[in-house]
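Notes follow once the structure below has been shown.
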Amino acid sequence: MARLENLLSLQRLRGKLVALAVPCIILTAYFLGGEIWLLLAALVVPLPLLMQPSDTSRSQTARDRDRLTGFMVGDAFETTIDSVLEEIQDRFLLTACLILELDKFHQIRARHGDSAAEEVLKYTARRISAALRSRDLITRIGDARFAIFLDPVRILDLEVCLQLASRLQTAIEEPVPLQSVSVHPTCSIGFCLSSRLSHVSGRTLYNAADLALAEARRSGPSSARAYHDGMRRRAVTRRRSEKEAEESIDRGQVQAWFQPQISTDTGLVTGFETLARWEHPERGVIPPVEFLPVLEQTGQLERLANRMMSQAFSALCQWDESGFKVPSIGVNFAGDELRNPVLLEKVRWELDRFSITADRLSVEVLESVVAGAPDDMLVRNVNALADLGCRIDLDDFGTGHASISSIRRLNISRLKIDRSFVTRIDQDIEQQRMVSAILTMAERLELDTLAEGVETPGEHAMLAQLGCVHVQGFGIARPMPFDHTIGWLKSYTASLDALPKIGRQTG
């Protein structure tokens, strides 16, 4: 922004000097040649000035500022970058473009309102300005996205840019005080050094930084990434994969896989969790982290949930027909699905279609959904499913901020302890204390418990000793397609008597 102001100041100064020079030239002509030269000078000298383009449009661009932040908007940013890059073309100076975006800003706006969101943007703008030099350019692009063009310098490398990105994140992620609460924003940053590009322009710098930002956002909140050539190749591959993912449900490539859950008391199978897998004809089995975001963006999560529920109930029926006792099946429901006004009728219809009682369905709800101040429709749907007889599992417990009151308000029947608390629990005393506290709370609230991510016999044994009722993880079995579950159930049932007796002793 300071660069643009400097350019405009030079234009105004040049105009003032020319205005002073015109009368001096005319008077000089009069002294040298008399009235005839005076007349000629008066006619000829102003002509070049009249033919120059007006500065009105340029001045208007200088006044074109974002209402909230005061940063430039429109084409002024890119135009100014191009002019600066042209100036430094032969001077061996380096620069960089950074793009930062507040993570999940739409949630801040939805939870606290428009005025609070604007206040967060104002704080963010002031903090960005304070962290930069006066000659660096800043613009606001989109609702909560900002672009920065660093004033060219002789030395600028990856380490310097990473330090700057870290400084910006530290400043922006300070709490923002509102009237009654404090908001804790986070931001992701992508940047590109001019030295990384063969052809440098305002547009190519911005596009490269935008690719880096997309990579940072995929890595999670408060991430930073630098542009490199591989990102462009990955972007092309990703766009092709996204197109394929959009069509994966129609092609029948997204299938339900199943992971068993067992009792720590008896060792018996107490259920299976239904997990979506994309069975790609060329790339093999693709985990949900690679295709669920695409299905969410294209509005297909509801279709996915319907498919998973139908395949889960079909699996239950076939296990029953094969003589295996599988008490329940877990199906994951996202926040948007839980807000569907017809969810209850849909679940009831599917249960009736397969002649399955409601108590055999475990509705899995992420703790982050519960912690996010659930709206009335979500609460009504979850409680209606519980009243229907379904079990309500709180998934990934310990990773969010669900309060005890919200757990009781939603009729939660089981806590699924996140794998981060389970890893090396047989060796880490702090892990043991944390899980023990969760289990004690669950017992006082009369909630069932299941530990996810159990990978070793030692973890399994420690969880049983601490009083966790169910376990699930690679140490029991990896997720498998339905065709493999019958064979696994036969093998597991046959070997159950040979397993060591672990768990709490009853009777």
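So you can find residues: chains in the structure tokens are A, B, ... in the order shown, residues in each start at 1, and ligands are numbered from 1 in order.
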
Residues within 12 Å of stretch 282-289 of chain A, only C-alpha atoms, excluding chain neighbours under 2 positions, as a PyMOL selection string: chain A and resi 218-219+241+244-245+248+253-257+275-280+291-296+301+304+479-481

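Selecting strand (DSSP E) from the backbone DSSP output for stretch 304-454 of chain A yields A:Ile329, A:Gly330, A:Val331, A:Asn332, A:Leu361, A:Ser362, A:Val363, A:Glu364, A:Val365, A:Leu366, A:Arg391, A:Ile392, A:Asp393, A:Leu394, A:Asp395, A:Asp396, A:Phe397, A:Arg414, A:Leu415, A:Lys416, A:Ile417, A:Asp448, A:Thr449, A:Leu450, A:Ala451.
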
A:Ala208 environment, 10 Å, only C-alpha atoms, sequence neighbours closer than 6 positions dropped, as a list in words: Cys97, Leu98, Ile99, Gly190, Phe191, Cys192, Leu193, Ser194, Arg196, Leu197, Ala226, Tyr227, His228, Asp229, Met231 and Arg232 of chain A

Taking N, CA, C and O atoms for each residue, export the selection above as a tab-separated table (two decimals), in the first residue's frame.
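Result file is again-v1.tsv:
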```tsv
chain	number	residue	atom	x	y	z
A	97	CYS	N	5.04	-13.38	-2.36
A	97	CYS	CA	3.61	-13.15	-2.14
A	97	CYS	C	3.12	-14.16	-1.10
A	97	CYS	O	3.40	-15.36	-1.21
A	98	LEU	N	2.41	-13.68	-0.10
A	98	LEU	CA	1.82	-14.53	0.93
A	98	LEU	C	0.30	-14.38	0.89
A	98	LEU	O	-0.20	-13.26	0.75
A	99	ILE	N	-0.41	-15.48	1.02
A	99	ILE	CA	-1.86	-15.43	1.14
A	99	ILE	C	-2.23	-16.14	2.44
A	99	ILE	O	-1.80	-17.27	2.68
A	190	GLY	N	-0.10	-19.65	2.82
A	190	GLY	CA	0.67	-20.17	1.70
A	190	GLY	C	1.47	-19.04	1.09
A	190	GLY	O	1.00	-17.90	1.02
A	191	PHE	N	2.70	-19.33	0.67
A	191	PHE	CA	3.51	-18.24	0.11
A	191	PHE	C	4.39	-18.76	-1.01
A	191	PHE	O	4.66	-19.97	-1.12
A	192	CYS	N	4.83	-17.83	-1.86
A	192	CYS	CA	5.72	-18.18	-2.97
A	192	CYS	C	6.79	-17.11	-3.10
A	192	CYS	O	6.48	-15.91	-3.14
A	193	LEU	N	8.04	-17.52	-3.15
A	193	LEU	CA	9.16	-16.60	-3.40
A	193	LEU	C	9.27	-16.36	-4.91
A	193	LEU	O	9.08	-17.29	-5.70
A	194	SER	N	9.62	-15.16	-5.27
A	194	SER	CA	9.79	-14.85	-6.70
A	194	SER	C	10.89	-15.71	-7.33
A	194	SER	O	10.84	-16.01	-8.52
A	196	ARG	N	11.29	-18.75	-7.00
A	196	ARG	CA	10.79	-20.09	-7.32
A	196	ARG	C	10.11	-20.15	-8.70
A	196	ARG	O	9.75	-21.22	-9.15
A	197	LEU	N	9.90	-19.01	-9.34
A	197	LEU	CA	9.17	-18.97	-10.60
A	197	LEU	C	10.08	-18.58	-11.76
A	197	LEU	O	10.94	-17.71	-11.60
A	226	ALA	N	5.14	-23.53	1.68
A	226	ALA	CA	5.83	-22.76	0.64
A	226	ALA	C	5.59	-23.44	-0.70
A	226	ALA	O	5.57	-24.67	-0.79
A	227	TYR	N	5.46	-22.64	-1.74
A	227	TYR	CA	5.21	-23.19	-3.07
A	227	TYR	C	6.45	-23.90	-3.62
A	227	TYR	O	7.58	-23.45	-3.43
A	228	HIS	N	6.21	-25.03	-4.29
A	228	HIS	CA	7.26	-25.68	-5.08
A	228	HIS	C	6.60	-26.29	-6.31
A	228	HIS	O	5.36	-26.44	-6.38
A	229	ASP	N	7.40	-26.67	-7.29
A	229	ASP	CA	6.86	-27.13	-8.57
A	229	ASP	C	5.95	-28.34	-8.44
A	229	ASP	O	5.00	-28.50	-9.20
A	231	MET	N	3.68	-28.93	-6.39
A	231	MET	CA	2.31	-28.57	-6.05
A	231	MET	C	1.43	-28.43	-7.28
A	231	MET	O	0.26	-28.81	-7.27
A	232	ARG	N	1.99	-27.89	-8.34
A	232	ARG	CA	1.20	-27.72	-9.56
A	232	ARG	C	0.84	-29.09	-10.16
A	232	ARG	O	-0.29	-29.30	-10.62
```

Distance query A:Leu344 at most 7 Å, only C-alpha atoms, self and fewer than 2 positions along chain excluded, as an MDAnalysis selection string: chainID A and resid 342 346:348 381 384:385

For the residues in that selection, give me C-alpha atoms as a short mmCIF file (atom, residue, chain, number, x, y, z; two decimals), in the first residue's frame.
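Final output, saved to out_28.cif:
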```cif
data_model
loop_
_atom_site.label_atom_id
_atom_site.label_comp_id
_atom_site.auth_asym_id
_atom_site.auth_seq_id
_atom_site.Cartn_x
_atom_site.Cartn_y
_atom_site.Cartn_z
CA VAL A 342 -36.52 -36.31 7.72
CA LYS A 346 -35.44 -42.37 6.92
CA VAL A 347 -33.78 -44.46 9.66
CA ARG A 348 -37.11 -45.94 10.75
CA ASN A 381 -32.98 -35.71 15.77
CA ALA A 384 -35.57 -38.90 18.63
CA LEU A 385 -33.21 -41.63 17.44
#
```

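Put simply, atom CA of A:Ile486 is 17.6 Å away from atom CA of A:Gly330.
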
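For the pair atom CA of A:Val382 and atom CA of A:Leu447, the interatomic distance is 16.2 Å.
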